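Accompanying notes for the structure given below.
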Amino acid sequence: MRYVLGSDIGTGSCKTLLVDEHGVVVARASGLYHLSHPQPGWAEYNPDDWYQAFCGSTRQVLKTSGIHPRHIQAVCIVGITHNPVLLDKNSTVLMPSIHFNDVRSVPQCDEIAAHFGDQVLQRVKNTVGALWTFPQLAWIKQHRPDVWQHIHALHFPKDYVRHRLVGWIDPRVTDFIDASGTLLFNPQTREWIDPFLDWLNFDRAALPDVRSPFGYAGTVDEGAAFHTGLHAGTPVLVGTTDTAAEVFAAGAVSPGRGTIKLASTGRIAFVTEHPVLHQHVLNYPYLFDDLWYPGTAVKYATSAFRWLHESIWASIPNADYAVMDQAAAQVAPGSDGLLFLPHLLGQFAPQWDSQRSAAFLGMTIRHDLRHMTRAVLEGVAFAIRDALEAVRALGLDADDLFLIGAGAKSRLWAQIMADVLNRPLTIPVERDAAYGAALMAGMTAGLYPDDPIAIASFVRTEATVQPIRAHVETYDALFEIYHAADQALTPISARLFEWRSRKI
């Protein structure tokens with residue numbers, strides 16, 4: 001039997017799967033790490049945490065499965081995008097990696113937009129925002145000249161982990177989808193954009209070589225073999241972004257299919273033949289020629305649930321996420337009129353407002369922690385509906401919607417999503433980007449057909465959740481209130497953001 005290893009460097013953990021030649025997962029493990037917030041509006045990582053989590057989860061799947069590492073034909077790592085990892089000439093990380101939720105580069109966004117106008121949208125198919133690498137680099141240039149003058153290589157999360165795995169043979173390689181997440185790369189011509197780089201005065205020698213996600217970037221070196229348990233010489237793919245991999249893992253490989261991800265962010269993606277040029281649509285080329293996966297995103301999804309656990313539930317003995325789920329299930333749909341706006345550090349769709357803040361609304365003496373917990377689940381669902389309706393108005397929709405991500409493990413949350421959206425949602429058995437990474441490795445290594453339609457047949461369905469009519473009516477009424485509240489609180493959030501900024 002032959003196997004492949006797929007790994008996903010996610011927002012809160014590294015998930016690693018060992019998959020056999022029939023597409024069946026034989027072992028899985030994860031390694032946790034933390035997103036730090038050293039100042040208001042900041043969110044960043046220590047890149048070494050990603051590598052340590054990858055090593056630990058890889059050792060664990062090998063131990064659990066009992067598979068000899070010589071039987072692993074290829075490794076593919078995917079991960080979160082936009083986060084720059086900057087290295088000096090000695091391959092030392094120069095500073096923490098800025099996460100896409102970070103809003104410190106908002107002033108630089110305004111500068112870029114004022115200078116280039118519509119050129120950004122026309123060239124890269126996206127508009128300027130703090131989640132992209134371009135303004136993050138502009139912030140670093142302005143505020144960290146000590147870092148800027150020593151930049152020798154620009155990585156992204158999966159690239160950094162992969163190149164530690166292959167021993168730094170070629171430290172500057174990425175794929176065309178991750179490159180598109182910089183706002184410095186034209187996804188149609190597959191070229192870096194000279195005017196943007198000139199304005200930034202970024203050293204082109206530090207830019208990665210852009211390749212196919214399915215190509216090989218190197219092989220596992222001796223040192224990494226010792227740390228991971230993998231066999232030295234095992235081929236390693238270039239890899240890609242987590243969203244591209246999870247859309248593939250869900251079996252969405254042709255137009256008319258889409259995914260809604262309940263992960264740290266709530267990501268909505270559709271497979272199409274063309275990008276959709278609009279300031280509120282995220283456009284990326286897909287893994288396969290002539291296809292795209294435009295969509296939108298909600299900034300906080302499972303991360304909002306995790307925030308509730310860490311801030312309140314953590315003081316309750318043995319209160320894990322399953323216990324929280326059970327508590328929320330005791331409350332009727334609508335949480336007795338308690339609403340939650342899940343904008344814990346700004347908002348992506350539909351307002352794309354970095355100054356937005358979260359709120360519980362309608363709280364009375366009758367409400368308790370159970371109501372708050374269900375309100376968080378419902379608030380994320382309302383936010384996703386708000387984002388989905390915005391892009392549907394632009395013509396983006398799908399006949400089949402797959403619900404993926406860690407949040408889809410909760411049948412309660414899946415039902416809430418189906419009820420709030422009033423759409424059937426299909427839940428695949430494997431819901432994570434790591435499975436898509438494994439499928440990519442299998443295609444390149446020759447274990448699976450070199451045909452995405454054939455690969456989609458590997459995707460097994462766990463359930464299709466149908467909306468419940470009575471719940472739909474309840475949520476339709478509450479969504480109108482949610483939407484009105486979200487709009488009404490925008491100026492209040494701006495005033496609070498300004499007050500917090502003065503306190504830094």
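Ordering of the structure tokens sets the chain letters (A, B, ...); residue numbers start at 1 within each chain; ligands are numbered from 1 in the order shown.
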
So that I can check the surroundings of range 458-469 of chain A, please list as a compact mmCIF listing (two decimals) with C-alpha atoms, in the first residue's frame every protein, DNA and RNA residue that reaches within 9 Å of it, counting only C-alpha atoms and ignoring chain neighbours fewer than 4 positions away.
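See part-v4.txt below for the written result:
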```txt
# COMPACT_ATOMS: atom_id res chain seq x y z
CA HIS A 22 -7.84 4.86 -2.26
CA GLY A 23 -8.23 8.34 -0.78
CA VAL A 24 -9.04 7.02 2.71
CA ALA A 249 -11.24 18.58 -0.93
CA ALA A 250 -14.99 19.22 -0.93
CA GLY A 251 -15.25 18.04 -4.52
CA PHE A 402 -20.78 22.32 0.73
CA ARG A 411 -24.53 19.26 13.86
CA ALA A 414 -24.71 23.03 10.66
CA GLN A 415 -28.48 23.11 11.27
CA ILE A 416 -28.32 26.77 12.30
CA MET A 417 -26.42 27.53 9.08
CA ALA A 418 -28.97 25.71 6.91
CA ASP A 419 -31.84 27.46 8.70
CA VAL A 420 -30.34 30.96 8.55
CA LEU A 421 -29.37 30.60 4.88
CA ASN A 422 -32.52 28.63 3.99
CA ARG A 423 -30.35 26.37 1.84
CA PRO A 424 -29.54 22.66 1.94
CA LEU A 425 -25.90 22.20 2.92
CA THR A 426 -23.89 19.09 2.06
CA ILE A 427 -21.21 18.09 4.57
CA PRO A 428 -18.29 16.05 3.22
CA VAL A 429 -16.70 13.42 5.46
CA GLU A 430 -13.32 15.16 5.14
CA ALA A 454 -12.20 11.72 -11.22
CA GLU A 473 -39.13 32.01 9.68
CA THR A 474 -37.61 32.81 13.07
```

Just want the 12 Å neighbourhood of Tyr482 in chain A, counted on only C-alpha atoms, with same-chain residues fewer than 2 positions away dropped. Output as a PyMOL selection string. chain A and resi 334+337-342+359-362+375+378-386+420+475-480+484-489

What's the 9 Å shell around range 51-53 of chain A, counting only C-alpha atoms, without same-chain residues fewer than 2 positions away, as a PyMOL selection string? chain A and resi 9+13-15+30-33+47-49+55-58+160-162+164-165+227

Can you pull out every residue from range 158-265 of chain A that DSSP, working from the backbone, puts in strand (DSSP E or B), and format the result as a list of chain:residue names? A:Val173, A:Thr174, A:Asp175, A:Phe185, A:Asn186, A:Glu191, A:Trp192, A:Asp209, A:Val210, A:Arg211, A:Tyr216, A:Ala217, A:Gly218, A:Thr219, A:Pro235, A:Val236, A:Leu237, A:Thr241, A:Arg257, A:Gly258, A:Thr259, A:Ile260, A:Lys261, A:Leu262

Pull N, CA and C atoms from the residues just selected and write them as a PDB file, in the first residue's frame.
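Contents of result-v3.pdb, freshly written:
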```pdb
ATOM      1  N   VAL A 173      10.384  29.994  -3.234  1.00  0.00           N
ATOM      2  CA  VAL A 173       9.432  29.353  -4.147  1.00  0.00           C
ATOM      3  C   VAL A 173       8.033  29.485  -3.558  1.00  0.00           C
ATOM      4  N   THR A 174       7.061  29.835  -4.399  1.00  0.00           N
ATOM      5  CA  THR A 174       5.665  29.813  -3.984  1.00  0.00           C
ATOM      6  C   THR A 174       4.831  29.392  -5.183  1.00  0.00           C
ATOM      7  N   ASP A 175       3.512  29.310  -4.985  1.00  0.00           N
ATOM      8  CA  ASP A 175       2.617  28.972  -6.094  1.00  0.00           C
ATOM      9  C   ASP A 175       1.880  30.224  -6.548  1.00  0.00           C
ATOM     10  N   PHE A 185       1.038  40.704  -7.661  1.00  0.00           N
ATOM     11  CA  PHE A 185       1.204  39.688  -8.700  1.00  0.00           C
ATOM     12  C   PHE A 185      -0.051  39.651  -9.564  1.00  0.00           C
ATOM     13  N   ASN A 186       0.152  39.621 -10.876  1.00  0.00           N
ATOM     14  CA  ASN A 186      -0.974  39.543 -11.809  1.00  0.00           C
ATOM     15  C   ASN A 186      -1.334  38.078 -12.023  1.00  0.00           C
ATOM     16  N   GLU A 191       2.766  37.264 -13.578  1.00  0.00           N
ATOM     17  CA  GLU A 191       3.968  38.076 -13.455  1.00  0.00           C
ATOM     18  C   GLU A 191       3.839  39.025 -12.261  1.00  0.00           C
ATOM     19  N   TRP A 192       4.971  39.318 -11.639  1.00  0.00           N
ATOM     20  CA  TRP A 192       5.006  40.347 -10.610  1.00  0.00           C
ATOM     21  C   TRP A 192       4.800  41.704 -11.277  1.00  0.00           C
ATOM     22  N   ASP A 209      10.145  32.504  -6.587  1.00  0.00           N
ATOM     23  CA  ASP A 209       9.879  31.965  -7.917  1.00  0.00           C
ATOM     24  C   ASP A 209       8.477  31.367  -7.895  1.00  0.00           C
ATOM     25  N   VAL A 210       7.657  31.701  -8.878  1.00  0.00           N
ATOM     26  CA  VAL A 210       6.254  31.278  -8.884  1.00  0.00           C
ATOM     27  C   VAL A 210       6.090  30.039  -9.759  1.00  0.00           C
ATOM     28  N   ARG A 211       5.539  28.973  -9.159  1.00  0.00           N
ATOM     29  CA  ARG A 211       5.395  27.700  -9.850  1.00  0.00           C
ATOM     30  C   ARG A 211       3.978  27.149  -9.707  1.00  0.00           C
ATOM     31  N   TYR A 216       7.023  19.834  -7.869  1.00  0.00           N
ATOM     32  CA  TYR A 216       7.889  19.496  -6.739  1.00  0.00           C
ATOM     33  C   TYR A 216       8.812  20.670  -6.416  1.00  0.00           C
ATOM     34  N   ALA A 217       9.006  20.912  -5.115  1.00  0.00           N
ATOM     35  CA  ALA A 217       9.896  21.981  -4.671  1.00  0.00           C
ATOM     36  C   ALA A 217      11.193  21.446  -4.098  1.00  0.00           C
ATOM     37  N   GLY A 218      11.261  20.145  -3.856  1.00  0.00           N
ATOM     38  CA  GLY A 218      12.452  19.552  -3.256  1.00  0.00           C
ATOM     39  C   GLY A 218      12.100  18.240  -2.593  1.00  0.00           C
ATOM     40  N   THR A 219      13.000  17.747  -1.779  1.00  0.00           N
ATOM     41  CA  THR A 219      12.774  16.502  -1.040  1.00  0.00           C
ATOM     42  C   THR A 219      13.132  16.706   0.430  1.00  0.00           C
ATOM     43  N   PRO A 235       9.624  13.208  -1.871  1.00  0.00           N
ATOM     44  CA  PRO A 235       9.305  14.425  -2.631  1.00  0.00           C
ATOM     45  C   PRO A 235       8.293  15.313  -1.899  1.00  0.00           C
ATOM     46  N   VAL A 236       8.481  16.626  -2.037  1.00  0.00           N
ATOM     47  CA  VAL A 236       7.605  17.616  -1.408  1.00  0.00           C
ATOM     48  C   VAL A 236       7.084  18.568  -2.476  1.00  0.00           C
ATOM     49  N   LEU A 237       5.768  18.723  -2.529  1.00  0.00           N
ATOM     50  CA  LEU A 237       5.143  19.599  -3.516  1.00  0.00           C
ATOM     51  C   LEU A 237       5.297  21.064  -3.129  1.00  0.00           C
ATOM     52  N   THR A 241      -2.692  27.565  -1.185  1.00  0.00           N
ATOM     53  CA  THR A 241      -3.421  28.158  -0.069  1.00  0.00           C
ATOM     54  C   THR A 241      -4.430  27.166   0.507  1.00  0.00           C
ATOM     55  N   ARG A 257     -20.612  24.954  -8.293  1.00  0.00           N
ATOM     56  CA  ARG A 257     -20.423  24.418  -6.947  1.00  0.00           C
ATOM     57  C   ARG A 257     -19.709  25.453  -6.082  1.00  0.00           C
ATOM     58  N   GLY A 258     -20.020  25.418  -4.782  1.00  0.00           N
ATOM     59  CA  GLY A 258     -19.414  26.378  -3.880  1.00  0.00           C
ATOM     60  C   GLY A 258     -19.258  25.806  -2.491  1.00  0.00           C
ATOM     61  N   THR A 259     -18.481  26.500  -1.674  1.00  0.00           N
ATOM     62  CA  THR A 259     -18.233  26.060  -0.305  1.00  0.00           C
ATOM     63  C   THR A 259     -18.463  27.208   0.671  1.00  0.00           C
ATOM     64  N   ILE A 260     -18.920  26.851   1.854  1.00  0.00           N
ATOM     65  CA  ILE A 260     -18.975  27.762   2.993  1.00  0.00           C
ATOM     66  C   ILE A 260     -18.160  27.114   4.097  1.00  0.00           C
ATOM     67  N   LYS A 261     -17.131  27.818   4.539  1.00  0.00           N
ATOM     68  CA  LYS A 261     -16.223  27.250   5.527  1.00  0.00           C
ATOM     69  C   LYS A 261     -16.460  27.884   6.887  1.00  0.00           C
ATOM     70  N   LEU A 262     -16.709  27.010   7.877  1.00  0.00           N
ATOM     71  CA  LEU A 262     -16.750  27.439   9.263  1.00  0.00           C
ATOM     72  C   LEU A 262     -15.408  27.087   9.893  1.00  0.00           C
TER      73      LEU A 262
END
```

Smallest atom-to-atom distance to Trp352 in chain A: which of A:Leu394, A:Val106, A:Val376, A:Val238, using only C-alpha atoms? A:Val106

For the structure I just gave you, how does DSSP split range 295-416 of chain A - specifically, which residues are helix (DSSP H, G or I)? Reply as JSON, numbers by chain. {"A": [302, 303, 304, 305, 306, 307, 308, 309, 310, 311, 313, 314, 315, 321, 322, 323, 324, 325, 326, 327, 328, 329, 335, 336, 337, 369, 370, 371, 372, 373, 374, 375, 376, 377, 378, 379, 380, 381, 382, 383, 384, 385, 386, 387, 388, 389, 390, 391, 392, 406, 407, 408, 409, 411, 412, 413, 414, 415, 416]}

Neighbour list for Val26 in chain A as a PyMOL selection string, cut-off 9 Å, only C-alpha atoms, skip fewer than 2 positions in-chain: chain A and resi 17-20+24+28+61+64-65

Write the selection just made, keeping N, CA and C atoms, as a PDB file, in the first residue's frame?
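To be explicit, this is the file written out as result28.pdb:
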```
ATOM      1  N   LEU A  17      -2.709  14.797   7.780  1.00  0.00           N
ATOM      2  CA  LEU A  17      -3.403  13.544   7.460  1.00  0.00           C
ATOM      3  C   LEU A  17      -2.476  12.612   6.696  1.00  0.00           C
ATOM      4  N   LEU A  18      -2.609  11.316   6.958  1.00  0.00           N
ATOM      5  CA  LEU A  18      -1.968  10.283   6.155  1.00  0.00           C
ATOM      6  C   LEU A  18      -3.087   9.586   5.395  1.00  0.00           C
ATOM      7  N   VAL A  19      -2.986   9.568   4.076  1.00  0.00           N
ATOM      8  CA  VAL A  19      -4.070   9.093   3.214  1.00  0.00           C
ATOM      9  C   VAL A  19      -3.547   7.983   2.314  1.00  0.00           C
ATOM     10  N   ASP A  20      -4.353   6.911   2.151  1.00  0.00           N
ATOM     11  CA  ASP A  20      -3.900   5.782   1.345  1.00  0.00           C
ATOM     12  C   ASP A  20      -4.228   5.982  -0.126  1.00  0.00           C
ATOM     13  N   VAL A  24      -8.503   7.216   1.360  1.00  0.00           N
ATOM     14  CA  VAL A  24      -9.042   7.024   2.706  1.00  0.00           C
ATOM     15  C   VAL A  24      -8.016   7.502   3.735  1.00  0.00           C
ATOM     16  N   ARG A  28      -4.680  10.814  11.538  1.00  0.00           N
ATOM     17  CA  ARG A  28      -4.745  12.276  11.565  1.00  0.00           C
ATOM     18  C   ARG A  28      -4.228  12.781  12.898  1.00  0.00           C
ATOM     19  N   VAL A  61       1.058  11.107  13.313  1.00  0.00           N
ATOM     20  CA  VAL A  61       0.334  10.274  12.340  1.00  0.00           C
ATOM     21  C   VAL A  61       1.154   9.037  11.973  1.00  0.00           C
ATOM     22  N   THR A  64       0.719   6.693  15.015  1.00  0.00           N
ATOM     23  CA  THR A  64      -0.641   6.150  15.090  1.00  0.00           C
ATOM     24  C   THR A  64      -0.889   5.101  14.024  1.00  0.00           C
ATOM     25  N   SER A  65      -0.414   5.376  12.811  1.00  0.00           N
ATOM     26  CA  SER A  65      -0.691   4.474  11.684  1.00  0.00           C
ATOM     27  C   SER A  65       0.212   3.248  11.672  1.00  0.00           C
TER      28      SER A  65
END
```

Could you name the residues that touch Glu222 in chain A at 12 Å or less, counting only C-alpha atoms, but leaving out those on the same chain fewer than 2 positions away, as a PyMOL selection string? chain A and resi 164-168+219-220+224-234

Output the selection as a short mmCIF file (atom, residue, chain, number, x, y, z; two decimals), in the first residue's frame - all heavy atoms for each residue.
```cif
data_model
loop_
_atom_site.label_atom_id
_atom_site.label_comp_id
_atom_site.auth_asym_id
_atom_site.auth_seq_id
_atom_site.Cartn_x
_atom_site.Cartn_y
_atom_site.Cartn_z
N ARG A 164 11.82 24.69 5.31
CA ARG A 164 12.56 24.09 6.42
C ARG A 164 12.58 22.57 6.26
O ARG A 164 13.55 21.90 6.63
CB ARG A 164 11.93 24.47 7.76
CG ARG A 164 12.17 25.91 8.13
CD ARG A 164 11.80 26.23 9.55
NE ARG A 164 12.63 25.54 10.53
CZ ARG A 164 12.57 25.76 11.84
NH1 ARG A 164 11.72 26.68 12.31
NH2 ARG A 164 13.35 25.11 12.68
N LEU A 165 11.53 22.03 5.65
CA LEU A 165 11.44 20.59 5.43
C LEU A 165 12.45 20.11 4.39
O LEU A 165 13.04 19.04 4.53
CB LEU A 165 10.02 20.22 5.01
CG LEU A 165 9.67 18.75 4.84
CD1 LEU A 165 9.82 18.01 6.16
CD2 LEU A 165 8.24 18.61 4.31
N VAL A 166 12.66 20.93 3.35
CA VAL A 166 13.57 20.50 2.28
C VAL A 166 14.99 21.02 2.49
O VAL A 166 15.87 20.77 1.66
CB VAL A 166 13.06 20.92 0.88
CG1 VAL A 166 11.68 20.37 0.64
CG2 VAL A 166 13.07 22.44 0.72
N GLY A 167 15.22 21.74 3.58
CA GLY A 167 16.59 22.12 3.92
C GLY A 167 17.11 23.37 3.25
O GLY A 167 18.31 23.51 3.06
N TRP A 168 16.20 24.28 2.88
CA TRP A 168 16.59 25.58 2.33
C TRP A 168 17.37 25.46 1.02
O TRP A 168 18.18 26.34 0.69
CB TRP A 168 17.45 26.36 3.34
CG TRP A 168 16.82 26.52 4.68
CD1 TRP A 168 17.14 25.86 5.82
CD2 TRP A 168 15.72 27.37 5.00
NE1 TRP A 168 16.31 26.24 6.84
CE2 TRP A 168 15.45 27.18 6.36
CE3 TRP A 168 14.96 28.29 4.28
CZ2 TRP A 168 14.43 27.86 7.02
CZ3 TRP A 168 13.95 28.96 4.94
CH2 TRP A 168 13.70 28.75 6.29
N THR A 219 13.00 17.75 -1.78
CA THR A 219 12.77 16.50 -1.04
C THR A 219 13.13 16.71 0.43
O THR A 219 13.90 17.61 0.78
CB THR A 219 13.63 15.35 -1.61
OG1 THR A 219 15.02 15.70 -1.51
CG2 THR A 219 13.27 15.07 -3.07
N VAL A 220 12.59 15.87 1.27
CA VAL A 220 12.85 15.96 2.71
C VAL A 220 14.33 15.75 2.98
O VAL A 220 14.92 14.77 2.51
CB VAL A 220 12.02 14.90 3.48
CG1 VAL A 220 12.36 14.94 4.98
CG2 VAL A 220 10.52 15.13 3.26
N ALA A 224 15.43 17.44 8.63
CA ALA A 224 13.98 17.44 8.78
C ALA A 224 13.44 16.03 8.96
O ALA A 224 12.44 15.82 9.65
CB ALA A 224 13.34 18.10 7.56
N ALA A 225 14.09 15.05 8.34
CA ALA A 225 13.68 13.66 8.53
C ALA A 225 13.79 13.26 10.01
O ALA A 225 12.92 12.58 10.56
CB ALA A 225 14.53 12.73 7.67
N PHE A 226 14.85 13.72 10.65
CA PHE A 226 15.03 13.44 12.08
C PHE A 226 13.92 14.06 12.91
O PHE A 226 13.38 13.44 13.84
CB PHE A 226 16.39 13.96 12.54
CG PHE A 226 16.63 13.83 14.01
CD1 PHE A 226 17.00 12.60 14.57
CD2 PHE A 226 16.46 14.92 14.86
CE1 PHE A 226 17.20 12.48 15.94
CE2 PHE A 226 16.67 14.80 16.23
CZ PHE A 226 17.04 13.57 16.76
N HIS A 227 13.51 15.29 12.58
CA HIS A 227 12.50 16.00 13.38
C HIS A 227 11.07 15.54 13.10
O HIS A 227 10.21 15.63 13.97
CB HIS A 227 12.59 17.51 13.12
CG HIS A 227 13.83 18.13 13.66
ND1 HIS A 227 14.79 18.73 12.87
CD2 HIS A 227 14.30 18.24 14.93
CE1 HIS A 227 15.78 19.18 13.62
NE2 HIS A 227 15.51 18.89 14.87
N THR A 228 10.82 15.06 11.89
CA THR A 228 9.45 14.70 11.51
C THR A 228 9.17 13.21 11.51
O THR A 228 8.01 12.79 11.61
CB THR A 228 9.13 15.23 10.10
OG1 THR A 228 10.02 14.59 9.16
CG2 THR A 228 9.29 16.74 10.02
N GLY A 229 10.21 12.39 11.36
CA GLY A 229 10.01 10.95 11.19
C GLY A 229 9.82 10.55 9.75
O GLY A 229 9.72 9.36 9.44
N LEU A 230 9.76 11.53 8.83
CA LEU A 230 9.64 11.22 7.41
C LEU A 230 10.94 10.65 6.87
O LEU A 230 12.02 10.84 7.45
CB LEU A 230 9.25 12.48 6.62
CG LEU A 230 7.86 13.05 6.90
CD1 LEU A 230 7.72 14.44 6.28
CD2 LEU A 230 6.77 12.11 6.36
N HIS A 231 10.86 9.96 5.75
CA HIS A 231 12.04 9.39 5.11
C HIS A 231 12.76 10.47 4.31
O HIS A 231 12.15 11.19 3.51
CB HIS A 231 11.62 8.24 4.19
CG HIS A 231 12.76 7.62 3.43
ND1 HIS A 231 13.80 6.98 4.04
CD2 HIS A 231 13.02 7.58 2.08
CE1 HIS A 231 14.65 6.54 3.14
NE2 HIS A 231 14.20 6.90 1.94
N ALA A 232 14.06 10.62 4.52
CA ALA A 232 14.84 11.58 3.74
C ALA A 232 14.75 11.23 2.26
O ALA A 232 14.86 10.07 1.87
CB ALA A 232 16.30 11.57 4.20
N GLY A 233 14.54 12.25 1.44
CA GLY A 233 14.40 12.04 0.01
C GLY A 233 12.95 11.97 -0.46
O GLY A 233 12.70 11.91 -1.67
N THR A 234 11.97 11.99 0.45
CA THR A 234 10.56 11.99 0.05
C THR A 234 10.23 13.28 -0.69
O THR A 234 10.53 14.37 -0.20
CB THR A 234 9.64 11.87 1.28
OG1 THR A 234 9.99 10.69 2.01
CG2 THR A 234 8.18 11.81 0.86
#
```

Quick one: residues within 8 Å of Lys125 in chain A, only C-alpha atoms counted, chain neighbours fewer than 5 positions away excluded, as a PyMOL selection string? chain A and resi 120+275-277+282-283
